[in-house]
Amino acid sequence: MLECQKSAFSLPDDFHYLNCAFMSPMPWRVQEAGVAGIRRKGMPADIIPDDFFDDVDEARRLFAAIVHAPDAGRVAIIPSVSYGLSTVARNTPVERGQSVVTVLHQFPSNIHPWRRACEEAGARMVVVGPPSDGPDRTSAWNEAILTAINQDTAVVALAQVHWADGTPFDLARIGERVREVGAAFIIDGTQSVGALPFDVTELQPDALVCAAYKWLMGPYSIGAAYFGPRYDGGIPIEESWMTREESRDFAALVDQGDAYRSGAARYDVGETANFILIPMLIAALEQVLEWGVDRIDAYCRALSGQFFPGAGHLFGLRLPTEADPDQVQAHLQKRNVFVSVRGRAIRVSPYLYNDAADLEALKDSLLEAGATAEGLDRETL
């Protein structure tokens, strides 16, 4: 079991930051990598052509290790989830009369591309919500998703956990059903990859898209995406010189051909070799791998479970009807307790920099705000 890793971050001692699902603080080593990158750019004569590619390929390798992808060549470097999912949607045929299945109140980046695809094709969005808010809410929601998938389904787009309240989705069963009907299985892993185990070999998503600035401990405006065989030979949403064959030969760029590099590199964002963000991403992914995703998951479950049985790295607390979520959040912030409000849920998302004192502060502050322990309901169980 890992011990608290707060010393690896720059958080103040009296700061109860339980909001990693909003944005993670960056470990010291990630911050230092960014500073070193800025200084490196200050002396560009030291940058050689291979530097545009080698670090990017290292970032691919590290992300592949986190999601257990045997081929790092299937990883693309992207600037955002919306970029990655727009790439996926562009390369996923959706025909008139078909459907795209998603879940209620899913994060918009995994909604907008599919809504446009449906509008253009004459297809329909099937949005599946929880049938009830009772004790079987999670299992009932998963069953409803399975029921919604049929021979007319072109795409199933969801996440490993719901971003607003942490509801876990049974990707193994859902993925099996998706493959039975021949649909595309698209996962937004932003709120789970790095904090929950994810194995692309077992779950077999057609695409897995992740921002780096949450549970991967990285900077903003960069991320990674895994593209399965369904997307071999697709068309990227921008035409970068770096995604072409022979792009390492700078002298030959005057006559560069149109052929793309093999694998997912064709889907890379332009200017992939960001000499500040890429070293930061590498440092962040190395740190996650050193801590170990299994151990991160175990730490968060052990910590949260002391106060909210069954909780892990991301969970929602549904407030009593009479409580105003925004007022409760404002009160918590006065006590240096930082969480998010999503709908009527207080979203709590601890990490390795948190300890029992942070959860105690949360509970005490909720009581002060009038949200009694008896009135609170776990959103996901």
# chains A, B, ... in the order shown; residues from 1 in each chain; ligands from 1
call {"tool": "closest_atom_pairs", "arguments": {"of": "stretch 163-236 of chain A", "to": "stretch 4-24 of chain A", "cutoff": "12 Å", "atoms": "only C-alpha atoms", "output": "JSON lines"}}
result
{"residue": "A:Trp163", "atom": "CA", "partner": "A:Ala21", "partner_atom": "CA", "distance": 7.7}
{"residue": "A:Ala164", "atom": "CA", "partner": "A:Ala21", "partner_atom": "CA", "distance": 9.0}
{"residue": "A:Asp165", "atom": "CA", "partner": "A:Ala21", "partner_atom": "CA", "distance": 10.2}
{"residue": "A:Gly166", "atom": "CA", "partner": "A:Ala21", "partner_atom": "CA", "distance": 9.8}
{"residue": "A:Gly189", "atom": "CA", "partner": "A:Ala21", "partner_atom": "CA", "distance": 11.8}
{"residue": "A:Thr190", "atom": "CA", "partner": "A:Ala21", "partner_atom": "CA", "distance": 8.8}
{"residue": "A:Gln191", "atom": "CA", "partner": "A:Ala21", "partner_atom": "CA", "distance": 6.4}
{"residue": "A:Ser192", "atom": "CA", "partner": "A:Ala21", "partner_atom": "CA", "distance": 9.1}
{"residue": "A:Val193", "atom": "CA", "partner": "A:Ala21", "partner_atom": "CA", "distance": 11.4}
{"residue": "A:Gly194", "atom": "CA", "partner": "A:Cys20", "partner_atom": "CA", "distance": 11.5}
{"residue": "A:Ala195", "atom": "CA", "partner": "A:Cys20", "partner_atom": "CA", "distance": 10.3}
{"residue": "A:Ala211", "atom": "CA", "partner": "A:Met23", "partner_atom": "CA", "distance": 10.4}
{"residue": "A:Ala212", "atom": "CA", "partner": "A:Ser24", "partner_atom": "CA", "distance": 9.3}
{"residue": "A:Tyr213", "atom": "CA", "partner": "A:Met23", "partner_atom": "CA", "distance": 6.0}
{"residue": "A:Lys214", "atom": "CA", "partner": "A:Ser24", "partner_atom": "CA", "distance": 4.8}
{"residue": "A:Trp215", "atom": "CA", "partner": "A:Ser24", "partner_atom": "CA", "distance": 6.7}
{"residue": "A:Leu216", "atom": "CA", "partner": "A:Ser24", "partner_atom": "CA", "distance": 8.2}
{"residue": "A:Met217", "atom": "CA", "partner": "A:Ser24", "partner_atom": "CA", "distance": 5.9}
{"residue": "A:Gly218", "atom": "CA", "partner": "A:Ser24", "partner_atom": "CA", "distance": 7.8}
{"residue": "A:Pro219", "atom": "CA", "partner": "A:Ser24", "partner_atom": "CA", "distance": 8.8}
{"residue": "A:Tyr220", "atom": "CA", "partner": "A:Met23", "partner_atom": "CA", "distance": 8.8}
{"residue": "A:Ser221", "atom": "CA", "partner": "A:Met23", "partner_atom": "CA", "distance": 12.0}
call {"tool": "select_by_dssp", "arguments": {"residues": "stretch 249-330 of chain A", "states": "alpha helix (DSSP H)", "output": "PyMOL selection string"}}
result
chain A and resi 277-291+293-305+325-330
call {"tool": "closest_atom_pairs", "arguments": {"of": "stretch 95-139 of chain A", "to": "stretch 171-183 of chain A", "cutoff": "10 Å", "atoms": "only C-alpha atoms", "output": "JSON lines"}}
result
{"residue": "A:Ser99", "atom": "CA", "partner": "A:Ala183", "partner_atom": "CA", "distance": 9.8}
{"residue": "A:Val100", "atom": "CA", "partner": "A:Ala183", "partner_atom": "CA", "distance": 9.1}
{"residue": "A:Val101", "atom": "CA", "partner": "A:Ala183", "partner_atom": "CA", "distance": 10.0}
call {"tool": "write_last_selection", "arguments": {"atoms": "C-alpha atoms", "output": "PDB file, in the first residue's frame"}}
result
ATOM      1  CA  SER A  99     -28.246   5.078 -33.527  1.00  0.00           C
ATOM      2  CA  VAL A 100     -25.469   6.264 -31.267  1.00  0.00           C
ATOM      3  CA  VAL A 101     -25.912   5.078 -27.682  1.00  0.00           C
TER       4      VAL A 101
END
call {"tool": "select_by_dssp", "arguments": {"residues": "stretch 214-308 of chain A", "states": "strand (DSSP E)", "output": "PyMOL selection string"}}
result
chain A and resi 223-227
call {"tool": "closest_residue", "arguments": {"among": "A:Phe275, A:Phe315, A:Phe338, A:Phe307", "to": "A:Ala36", "atoms": "only C-alpha atoms"}}
result
A:Phe275
call {"tool": "residues_around", "arguments": {"residues": "A:Pro325", "least_positions_apart": "6", "cutoff": "12 Å", "atoms": "only C-alpha atoms", "output": "PyMOL selection string"}}
result
chain A and resi 316-319+331-332+339-347+366+369-371+376
call {"tool": "closest_atom_pairs", "arguments": {"of": "stretch 162-197 of chain A", "to": "stretch 130-138 of chain A", "cutoff": "9 Å", "atoms": "only C-alpha atoms", "output": "Markdown table"}}
result
| residue | atom | partner | partner_atom | distance |
| --- | --- | --- | --- | --- |
| A:Thr167 | CA | A:Thr138 | CA | 6.4 |
| A:Pro168 | CA | A:Thr138 | CA | 7.1 |
| A:Phe169 | CA | A:Thr138 | CA | 7.7 |
call {"tool": "residues_around", "arguments": {"residues": "A:Asp232", "least_positions_apart": "6", "cutoff": "12 Å", "atoms": "only C-alpha atoms", "output": "JSON, numbers by chain"}}
result
{"A": [73, 74, 75, 88, 91, 92, 206, 207, 226, 260, 261, 262, 263, 264, 265, 266, 267]}
call {"tool": "write_last_selection", "arguments": {"atoms": "C-alpha atoms", "output": "PDB file, in the first residue's frame"}}
result
ATOM      1  CA  GLY A  73       2.261   2.748 -32.365  1.00  0.00           C
ATOM      2  CA  ARG A  74      -1.488   2.757 -31.744  1.00  0.00           C
ATOM      3  CA  VAL A  75      -1.176   5.844 -29.520  1.00  0.00           C
ATOM      4  CA  VAL A  88     -12.941   9.289 -34.107  1.00  0.00           C
ATOM      5  CA  ASN A  91     -13.747   8.120 -39.208  1.00  0.00           C
ATOM      6  CA  THR A  92     -16.800   6.231 -37.918  1.00  0.00           C
ATOM      7  CA  ASP A 206     -12.058   0.793 -30.711  1.00  0.00           C
ATOM      8  CA  ALA A 207     -10.794   4.107 -29.378  1.00  0.00           C
ATOM      9  CA  TYR A 226      -5.460   4.762 -28.358  1.00  0.00           C
ATOM     10  CA  TYR A 260       1.016   9.039 -43.599  1.00  0.00           C
ATOM     11  CA  ARG A 261       3.236   7.405 -41.017  1.00  0.00           C
ATOM     12  CA  SER A 262       2.102   3.976 -39.931  1.00  0.00           C
ATOM     13  CA  GLY A 263      -0.117   3.499 -36.910  1.00  0.00           C
ATOM     14  CA  ALA A 264      -1.926   6.215 -34.982  1.00  0.00           C
ATOM     15  CA  ALA A 265       0.703   8.894 -35.663  1.00  0.00           C
ATOM     16  CA  ARG A 266      -1.502  10.046 -38.546  1.00  0.00           C
ATOM     17  CA  TYR A 267      -3.928  11.346 -35.893  1.00  0.00           C
TER      18      TYR A 267
END
call {"tool": "closest_residue", "arguments": {"among": "A:Met125, A:Val209, A:Leu277, A:Leu2", "to": "A:Leu104", "atoms": "only C-alpha atoms"}}
result
A:Met125
